[in-house]
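K.L.:
Sharing protein_11.txt, compact mmCIF, C-alpha atoms:
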```
# COMPACT_ATOMS: atom_id res chain seq x y z
CA MET A 3 -41.66 245.93 85.40
CA PRO A 4 -39.34 248.44 83.88
CA LEU A 5 -36.12 250.08 84.82
CA HIS A 6 -36.67 253.81 84.96
CA SER A 7 -33.35 255.56 85.43
CA LEU A 8 -29.67 255.15 86.01
CA TYR A 9 -27.43 257.53 87.94
CA ILE A 10 -23.69 257.24 88.35
CA ILE A 11 -22.06 259.22 91.14
CA ASN A 12 -18.31 259.60 91.49
CA LYS A 13 -16.46 259.15 94.76
CA ALA A 14 -16.69 262.85 95.58
CA GLY A 15 -20.47 262.89 95.26
CA GLY A 16 -20.62 264.45 91.80
CA LEU A 17 -23.13 263.19 89.27
CA ILE A 18 -21.26 261.91 86.23
CA TYR A 19 -24.08 260.18 84.37
CA GLN A 20 -27.85 260.30 84.36
CA LYS A 21 -30.31 258.72 81.96
CA ASP A 22 -34.02 257.96 82.00
CA TYR A 23 -35.25 254.91 80.16
CA THR A 24 -39.02 255.14 80.41
CA ASP A 25 -41.43 257.85 79.36
CA GLY A 26 -43.25 260.02 81.82
CA ILE A 27 -40.45 260.56 84.31
CA ALA A 28 -40.47 264.10 85.61
CA LYS A 29 -37.45 265.91 84.20
CA LEU A 30 -35.35 268.03 86.51
CA SER A 31 -32.97 270.80 85.67
CA SER A 32 -29.35 269.75 85.42
CA ASN A 33 -28.62 271.59 88.63
CA GLU A 34 -31.37 269.67 90.44
CA TYR A 35 -29.90 266.39 89.27
CA LEU A 36 -26.55 267.43 90.73
CA VAL A 37 -28.18 268.34 94.02
CA LEU A 38 -30.01 265.04 94.08
CA ALA A 39 -26.78 263.14 93.55
CA GLY A 40 -24.91 265.14 96.15
CA THR A 41 -27.68 264.67 98.67
CA PHE A 42 -27.83 260.96 98.07
CA HIS A 43 -24.07 260.78 98.47
CA SER A 44 -24.38 262.45 101.89
CA ILE A 45 -27.24 260.19 102.94
CA HIS A 46 -25.09 257.23 101.97
CA VAL A 47 -22.34 258.43 104.31
CA ILE A 48 -24.79 259.19 107.12
CA THR A 49 -26.49 255.81 106.90
CA SER A 50 -23.18 254.00 107.16
CA LYS A 51 -22.34 256.09 110.24
CA LEU A 52 -25.72 255.30 111.81
CA SER A 53 -24.98 251.61 111.76
CA PRO A 54 -24.78 250.05 115.23
CA ILE A 55 -22.18 247.68 113.84
CA PRO A 56 -19.01 249.38 112.62
CA GLY A 57 -17.96 248.85 109.05
CA SER A 58 -21.42 248.75 107.54
CA SER A 59 -22.04 249.86 103.99
CA GLY A 60 -24.33 252.81 103.33
CA ILE A 61 -27.93 252.67 102.16
CA GLU A 62 -28.54 250.04 99.51
CA VAL A 63 -32.26 250.12 98.78
CA LEU A 64 -34.85 252.85 99.08
CA GLU A 65 -38.38 251.61 98.62
CA THR A 66 -41.58 253.51 97.98
CA ASP A 67 -44.96 252.30 96.77
CA LEU A 68 -44.23 253.24 93.16
CA PHE A 69 -40.50 252.78 92.75
CA LYS A 70 -37.42 251.25 94.24
CA MET A 71 -33.98 252.80 94.20
CA HIS A 72 -31.05 250.43 94.35
CA CYS A 73 -27.57 251.61 95.14
CA ILE A 74 -24.26 249.86 94.95
CA GLN A 75 -20.97 251.40 95.82
CA THR A 76 -18.00 249.72 94.22
CA PRO A 77 -14.79 249.30 96.23
CA THR A 78 -13.37 252.21 94.23
CA GLY A 79 -16.08 254.51 95.60
CA THR A 80 -18.24 254.97 92.52
CA LYS A 81 -21.96 254.64 93.15
CA PHE A 82 -24.50 253.24 90.73
CA LEU A 83 -28.16 254.05 91.35
CA LEU A 84 -30.91 252.24 89.55
CA VAL A 85 -34.47 253.44 89.83
CA THR A 86 -36.79 250.58 89.02
CA ASP A 87 -40.33 249.40 89.37
CA PRO A 88 -40.86 247.94 92.88
CA LEU A 89 -41.41 244.54 91.30
CA GLN A 90 -38.30 244.49 89.12
CA ALA A 91 -36.50 241.20 89.71
CA ASN A 92 -32.80 240.38 89.50
CA VAL A 93 -31.59 243.89 90.04
CA ASP A 94 -28.27 242.60 91.40
CA ALA A 95 -27.47 240.79 88.19
CA LEU A 96 -28.52 243.82 86.18
CA MET A 97 -26.39 246.09 88.33
CA ARG A 98 -23.40 243.90 87.71
CA LYS A 99 -23.94 244.06 83.98
CA VAL A 100 -24.22 247.85 84.09
CA TYR A 101 -20.94 247.93 86.02
CA GLU A 102 -19.28 245.73 83.41
CA VAL A 103 -20.44 248.00 80.60
CA TYR A 104 -19.05 250.93 82.59
CA ALA A 105 -15.73 249.18 83.13
CA ASP A 106 -15.52 248.36 79.43
CA TYR A 107 -16.68 251.48 77.66
CA VAL A 108 -15.92 254.19 80.18
CA MET A 109 -12.87 253.18 82.18
CA LYS A 110 -11.11 251.41 79.33
CA ASN A 111 -11.53 254.35 77.01
CA PRO A 112 -8.08 255.96 77.15
CA PHE A 113 -9.54 259.40 76.48
CA TYR A 114 -11.95 259.34 79.38
CA THR A 115 -10.75 261.30 82.40
CA PRO A 116 -11.70 259.45 85.59
CA GLU A 117 -14.23 261.19 87.86
CA MET A 118 -15.46 263.45 85.05
CA PRO A 119 -18.93 263.42 83.46
CA ILE A 120 -19.32 260.54 81.04
CA ARG A 121 -19.86 261.40 77.43
CA ALA A 122 -19.25 258.24 75.50
CA GLU A 123 -21.38 257.04 72.65
CA LEU A 124 -20.30 253.45 72.96
CA PHE A 125 -21.33 253.46 76.59
CA ASP A 126 -24.79 254.85 75.76
CA LEU A 127 -25.19 252.36 72.96
CA ASN A 128 -24.29 249.31 75.00
CA LEU A 129 -26.31 250.43 77.98
CA ASN A 130 -29.34 250.96 75.78
CA LYS A 131 -28.92 247.49 74.36
CA LEU A 132 -28.77 246.01 77.84
CA ILE A 133 -31.71 247.97 79.16
CA LYS A 134 -33.86 247.33 76.12
CA GLN A 135 -33.65 243.63 76.95
CA ILE A 136 -34.84 244.35 80.47
CA ASN A 137 -37.60 246.74 79.53
CA ALA A 138 -38.83 244.69 76.57
CA MET B 29 -16.76 254.20 106.68
CA GLN B 30 -14.59 252.55 109.30
CA GLY B 31 -13.75 248.90 109.53
CA THR B 32 -11.83 247.05 106.90
CA PRO B 33 -11.40 249.11 103.80
CA GLN B 34 -9.32 246.55 101.96
CA PRO B 35 -10.73 244.50 99.11
CA ARG B 36 -11.98 241.20 100.40
CA ALA B 37 -12.50 237.96 98.57
CA THR B 38 -15.97 236.45 98.69
CA ALA B 39 -17.76 236.91 101.96
CA ALA B 40 -17.68 233.53 103.64
CA SER B 41 -15.06 231.04 102.59
CA ASN B 42 -13.36 228.39 104.62
CA GLN B 43 -10.27 228.30 102.48
CA PRO B 44 -9.97 231.69 100.88
CA GLY B 45 -6.79 230.63 99.11
CA ALA B 46 -8.35 227.70 97.32
CA ARG B 47 -11.41 229.68 96.42
CA ALA B 48 -9.44 232.54 95.02
CA LYS B 49 -7.50 230.07 92.90
CA ALA B 50 -10.66 228.52 91.51
CA ALA B 51 -12.19 231.94 90.86
CA GLY B 52 -9.06 233.12 89.07
CA GLU B 53 -8.94 230.06 86.87
CA ASP B 54 -12.62 230.32 86.05
CA ILE B 55 -12.33 233.94 84.95
CA TRP B 56 -9.18 233.19 82.97
CA LYS B 57 -10.86 230.30 81.16
CA ASN B 58 -14.32 231.65 80.55
CA ARG B 59 -14.38 235.39 80.79
CA THR B 60 -11.10 236.67 79.43
CA ASP B 61 -10.59 237.57 75.78
CA LYS B 62 -7.17 236.32 74.72
CA ILE B 63 -4.81 237.90 72.26
CA ASN B 64 -1.80 236.55 70.47
CA ALA B 65 1.14 236.29 72.86
CA GLU B 66 3.70 237.42 70.29
CA LEU B 67 1.77 240.56 69.49
CA PHE B 68 1.52 241.30 73.20
CA THR B 69 5.19 240.76 74.04
CA LEU B 70 6.37 242.56 70.91
CA THR B 71 4.11 245.51 71.61
CA TYR B 72 5.48 245.82 75.12
CA GLY B 73 9.02 245.24 73.88
CA SER B 74 8.87 247.99 71.29
CA LEU B 75 7.34 250.30 73.86
CA VAL B 76 10.24 249.78 76.25
CA ALA B 77 12.80 250.02 73.44
CA GLN B 78 11.27 253.27 72.25
CA LEU B 79 11.35 254.71 75.76
CA VAL B 80 15.00 253.75 76.04
CA LYS B 81 15.70 255.56 72.77
CA ASP B 82 13.70 258.64 73.73
CA TYR B 83 14.98 259.12 77.25
CA GLU B 84 18.47 257.65 76.98
CA ASP B 85 18.33 257.13 80.72
CA TYR B 86 17.31 253.82 82.24
CA ALA B 87 16.17 255.28 85.55
CA GLU B 88 13.85 257.60 83.67
CA VAL B 89 12.53 254.68 81.63
CA ASN B 90 11.70 252.88 84.88
CA THR B 91 9.79 255.95 86.03
CA GLN B 92 7.89 256.26 82.76
CA LEU B 93 6.95 252.58 82.78
CA ASP B 94 5.74 252.93 86.34
CA LYS B 95 3.63 255.95 85.39
CA MET B 96 2.08 254.15 82.44
CA GLY B 97 1.35 251.20 84.66
CA TYR B 98 -0.27 253.48 87.21
CA ASN B 99 -2.61 254.85 84.58
CA ILE B 100 -3.46 251.35 83.47
CA GLY B 101 -4.02 250.20 87.04
CA THR B 102 -6.44 252.95 87.97
CA ARG B 103 -8.66 251.86 85.06
CA LEU B 104 -8.06 248.16 85.13
CA ILE B 105 -9.25 247.90 88.72
CA GLU B 106 -12.83 248.58 87.61
CA ASP B 107 -12.66 245.76 85.10
CA PHE B 108 -11.11 243.55 87.75
CA ILE B 109 -13.89 244.20 90.24
CA ALA B 110 -16.65 244.04 87.63
CA LYS B 111 -15.46 240.68 86.32
CA SER B 112 -14.49 239.09 89.61
CA GLY B 113 -17.35 240.46 91.70
CA LEU B 114 -15.03 240.75 94.68
CA THR B 115 -15.64 243.02 97.64
CA LYS B 116 -13.35 244.07 100.46
CA CYS B 117 -10.44 242.00 101.71
CA GLY B 118 -10.17 241.13 105.38
CA SER B 119 -6.42 241.65 105.51
CA PHE B 120 -3.47 242.73 103.40
CA VAL B 121 -2.31 239.12 103.24
CA GLU B 122 -5.63 238.22 101.69
CA THR B 123 -5.13 241.08 99.26
CA ALA B 124 -1.81 239.53 98.28
CA ASP B 125 -3.55 236.24 97.65
CA VAL B 126 -6.20 237.88 95.47
CA ILE B 127 -3.57 239.81 93.49
CA SER B 128 -1.69 236.64 92.70
CA LYS B 129 -4.43 234.09 92.19
CA ILE B 130 -7.05 236.29 90.56
CA GLY B 131 -5.36 239.47 89.38
CA PHE B 132 -2.26 238.05 87.72
CA LYS B 133 -4.17 234.99 86.59
CA MET B 134 -6.88 237.06 84.93
CA TYR B 135 -4.59 239.38 83.02
CA LEU B 136 -1.39 237.45 82.43
CA GLY B 137 -2.39 233.85 82.97
CA ILE B 138 0.22 233.34 85.67
CA THR B 139 0.02 232.88 89.41
CA PRO B 140 3.05 234.37 91.15
CA THR B 141 4.12 232.82 94.43
CA ILE B 142 3.75 234.94 97.53
CA THR B 143 6.69 234.79 99.89
CA ASN B 144 8.58 236.76 102.50
CA ILE B 145 5.52 238.16 104.21
CA SER B 146 6.88 240.56 106.80
CA GLN B 147 6.19 240.21 110.53
CA ASP B 148 3.72 243.06 110.57
CA GLN B 149 2.06 241.63 107.44
CA LYS B 150 2.48 244.85 105.54
CA GLU B 151 4.99 243.64 103.02
CA PHE B 152 5.17 240.69 100.70
CA SER B 153 7.01 239.50 97.62
CA LEU B 154 5.57 238.18 94.40
CA ILE B 155 7.83 235.70 92.67
CA LEU B 156 7.09 235.49 88.96
CA GLU B 157 8.14 232.03 87.81
CA ASP B 158 7.09 232.96 84.33
CA ASN B 159 6.95 236.46 82.92
CA PRO B 160 4.98 236.80 79.67
CA LEU B 161 6.31 240.34 79.16
CA ALA B 162 9.89 239.16 79.00
CA GLU B 163 9.53 236.01 76.94
CA PHE B 164 12.05 236.85 74.17
CA VAL B 165 14.05 239.50 75.93
CA GLU B 166 17.76 239.74 76.45
CA LEU B 167 18.87 242.96 78.06
CA PRO B 168 21.91 244.80 76.72
CA GLU B 169 24.77 245.05 79.21
CA ASP B 170 24.44 248.75 79.87
CA ALA B 171 20.74 248.30 80.62
CA VAL B 172 21.63 245.74 83.28
CA ARG B 173 24.38 247.94 84.66
CA ASP B 174 22.26 251.09 84.79
CA GLY B 175 19.35 249.40 86.43
CA LEU B 176 16.57 248.99 83.87
CA TRP B 177 13.64 247.07 85.31
CA TYR B 178 12.19 245.80 82.07
CA SER B 179 8.75 244.85 83.42
CA ASN B 180 8.40 247.88 85.67
CA VAL B 181 4.97 248.58 84.20
CA LEU B 182 3.64 245.83 86.49
CA CYS B 183 4.64 247.77 89.59
CA GLY B 184 2.73 250.77 88.34
CA VAL B 185 -0.32 248.68 87.60
CA LEU B 186 -0.34 247.27 91.13
CA ARG B 187 0.21 250.68 92.67
CA GLY B 188 -2.57 252.29 90.62
CA ALA B 189 -5.07 249.52 91.11
CA LEU B 190 -4.52 249.24 94.86
CA GLU B 191 -4.71 252.99 95.33
CA MET B 192 -8.18 252.96 93.82
CA VAL B 193 -9.30 250.54 96.52
CA LEU B 194 -7.75 252.79 99.16
CA LEU B 195 -4.52 250.90 99.69
CA GLN B 196 -1.49 253.06 99.21
CA VAL B 197 1.46 250.84 98.42
CA GLU B 198 5.05 251.08 97.36
CA CYS B 199 5.92 248.55 94.77
CA ASN B 200 9.18 247.77 93.02
CA PHE B 201 11.24 245.06 91.44
CA VAL B 202 14.04 243.72 93.59
CA ALA B 203 15.23 240.97 91.26
CA ASP B 204 14.76 239.99 87.65
CA VAL B 205 16.01 236.92 85.79
CA LEU B 206 16.71 239.23 82.84
CA ARG B 207 19.42 240.82 84.95
CA GLY B 208 20.94 237.51 85.92
CA ASP B 209 19.09 237.11 89.20
CA GLU B 210 17.78 233.71 90.21
CA VAL B 211 14.16 234.81 90.36
CA THR B 212 11.93 237.66 89.26
CA GLU B 213 10.64 239.31 92.37
CA ILE B 214 8.31 242.25 92.99
CA ARG B 215 8.21 243.67 96.50
CA VAL B 216 4.96 245.28 97.66
CA ARG B 217 4.75 247.36 100.83
CA LEU B 218 1.56 248.77 102.30
CA VAL B 219 2.19 252.41 103.16
CA LYS B 220 -1.22 253.14 104.58
CA VAL B 221 -4.89 252.52 104.21
CA LEU B 222 -6.36 255.69 102.74
CA ASP B 223 -9.31 257.42 104.28
CA GLU B 224 -12.45 256.74 102.30
CA GLU B 225 -13.83 260.22 102.70
CA VAL B 226 -10.91 261.88 101.00
CA PRO B 227 -11.25 261.38 97.26
CA ALA B 228 -8.02 259.86 95.99
CA ALA B 229 -8.09 262.12 92.94
CA ASP B 230 -7.61 265.21 95.13
CA GLU B 231 -4.25 264.14 96.45
```
Represent the supplied structure as structure tokens.
P.N.:
Amino acid sequence: MPLHSLYIINKAGGLIYQKDYTDGIAKLSSNEYLVLAGTFHSIHVITSKLSPIPGSSGIEVLETDLFKMHCIQTPTGTKFLLVTDPLQANVDALMRKVYEVYADYVMKNPFYTPEMPIRAELFDLNLNKLIKQINA
Amino acid sequence: MQGTPQPRATAASNQPGARAKAAGEDIWKNRTDKINAELFTLTYGSLVAQLVKDYEDYAEVNTQLDKMGYNIGTRLIEDFIAKSGLTKCGSFVETADVISKIGFKMYLGITPTITNISQDQKEFSLILEDNPLAEFVELPEDAVRDGLWYSNVLCGVLRGALEMVLLQVECNFVADVLRGDEVTEIRVRLVKVLDEEVPAADE
């Protein structure tokens, strides 16, 4: 029941991080990833507007027969997308851990510029550690 | 995208105040790495002293401290949310409660008292009974006279952190025991709730 990919989208809808964690995932061009992120960002806005009850969040889960996509938007507007196996359990707890790793190794790095693409070795390293446990 | 864009403590709670207090204490006890208090206060002290030397103007030092705080706040907020797991607040008064009982508790180990909430509930004061930044500090006379707010970094932190959760605030010290006042008081005023669809970074 593996975790396939992680996407991080900034508050303007730009993709700032994308990683695949299992083999056999179709690779897209970097431009296509950006389009994907931007489109998801728009869908997120549209779904929250569709809500019959004002103040709803946007889309949180997208489910297909072969994968599930989980989305959380933090109160600061950053979105984390996890693409997992449909049977993956405890995604909420995992999501929280990913967010903590992000808070630690991205936001607390004084040389990281907020909203920009994430290139941080420590972040990669700690994420890999976390996800290896899940995918083991 | 409409509704209540303020940070809210846990979804359903009968006594949000008591719950925030317990949550703050739990995070402080179990999930916060502690450092030596002397190293912390001395680091901050030498930072302020160096700014005073470099700028030779206390008003400018206040501004610089506020700017530094702002930069800290915009980053710290992610850690705050990640560790506390909080979502949106129902009201600005609730925000005040969360700032005091969870925010200050988590990072400084203190719980400032909230007082003087204005009629329209858009302003409140934080009274710091104990200020870890100022533990060994005695301000020189000219610093008092020319209006140095020694712990001004805190205002910046609050401003930066709240802006990231779409609350634009004005925040400043109005009294400080270091300056001979009876209490140390930070005044926070909600300017407006920012629109979610405008990225704050574009302002």
K.L.:
Mind checking which residues fall within 10 Å of A:Ala91, counting only C-alpha atoms, ignoring those fewer than 5 positions away in the same chain, and posting them as a PyMOL selection string?
P.N.:
chain A and resi 3-4+86+96+136
K.L.:
Atom CA of B:Val221 and atom CA of B:Glu198 are how many Å apart?
P.N.:
12.2 Å
K.L.:
Using atom CA of B:Ser179 and atom CA of B:Lys133 as the two end points, give the distance in Å to one decimal.
P.N.:
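Taking atom CA of B:Ser179 as the start and atom CA of B:Lys133 as the end point, the length is 16.6 Å.
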K.L.:
Could you please select, counting only C-alpha atoms, the residues of chain A within 7 Å of chain B and state them as a VMD selection string?
P.N.:
chain A and resid 13 to 14 50 to 51 56 to 57 77 to 78 98 101 to 102 105 to 106 109 to 110
K.L.:
Please compute the atom CA of B:Tyr98-atom CA of B:Leu195 distance, one decimal, in Å.
P.N.:
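Value for the atom CA of B:Tyr98-atom CA of B:Leu195 distance: 13.4 Å.
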K.L.:
Of the residues A:Thr49, A:Thr41, A:Asn137, A:Ser7, which is the one nearest to A:Lys21, using all atoms listed in the file?
P.N.:
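Closest candidate: A:Ser7.
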K.L.:
Need to verify the contact set: B:Glu53, 8 Å, only C-alpha atoms, exclusion of same-chain residues closer than 4 positions in sequence. Can you return it as a list in words?
P.N.:
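These residues fall inside the cut-off: Lys49, Lys57, Ile130, Lys133 and Met134 of chain B.
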K.L.:
Just checking: using all atoms listed in the file, which residue out of A:Ile27, A:Asn128, A:Tyr35, A:Met97 ends up closest to A:Phe69?
P.N.:
A:Ile27
K.L.:
May I have the residues within 9 Å of A:Gly60 as a PDB file with C-alpha atoms, in the frame of the given file, using only C-alpha atoms and disregarding those fewer than 2 positions away in the same chain?
P.N.:
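Saved the output as out_2.pdb:
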```
ATOM      1  CA  ILE A  45     -27.240 260.190 102.940  1.00  0.00           C
ATOM      2  CA  HIS A  46     -25.090 257.230 101.970  1.00  0.00           C
ATOM      3  CA  VAL A  47     -22.340 258.430 104.310  1.00  0.00           C
ATOM      4  CA  ILE A  48     -24.790 259.190 107.120  1.00  0.00           C
ATOM      5  CA  THR A  49     -26.490 255.810 106.900  1.00  0.00           C
ATOM      6  CA  SER A  50     -23.180 254.000 107.160  1.00  0.00           C
ATOM      7  CA  LYS A  51     -22.340 256.090 110.240  1.00  0.00           C
ATOM      8  CA  LEU A  52     -25.720 255.300 111.810  1.00  0.00           C
ATOM      9  CA  SER A  53     -24.980 251.610 111.760  1.00  0.00           C
ATOM     10  CA  SER A  58     -21.420 248.750 107.540  1.00  0.00           C
ATOM     11  CA  GLU A  62     -28.540 250.040  99.510  1.00  0.00           C
ATOM     12  CA  CYS A  73     -27.570 251.610  95.140  1.00  0.00           C
ATOM     13  CA  ILE A  74     -24.260 249.860  94.950  1.00  0.00           C
ATOM     14  CA  GLN A  75     -20.970 251.400  95.820  1.00  0.00           C
TER      15      GLN A  75
ATOM     16  CA  MET B  29     -16.760 254.200 106.680  1.00  0.00           C
TER      17      MET B  29
END
```
K.L.:
For stretch 93-103 of chain A, take all atoms listed in the file, fit an axis-aligned box around them, add 8 Å to each of the six sides, then output centre and edge lengths in Å rounded to one decimal, as JSON.
P.N.:
```
{"center_x": -25.4, "center_y": 244.4, "center_z": 86.0, "size_x": 28.3, "size_y": 23.2, "size_z": 26.8}
```
K.L.:
Smallest atom-to-atom distance to A:Pro112: which of B:Met96, B:Glu213, B:Arg207, B:Gly131, using all atoms listed in the file?
P.N.:
B:Met96
K.L.:
Choose the residue, out of B:Gly188, B:Val219, B:Cys117, B:Ile155, that has the smallest atom-to-atom separation from B:Val205; count all atoms listed in the file.
P.N.:
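Checking each of B:Gly188, B:Val219, B:Cys117, B:Ile155 against B:Val205, counting all atoms listed in the file, the winner is B:Ile155.
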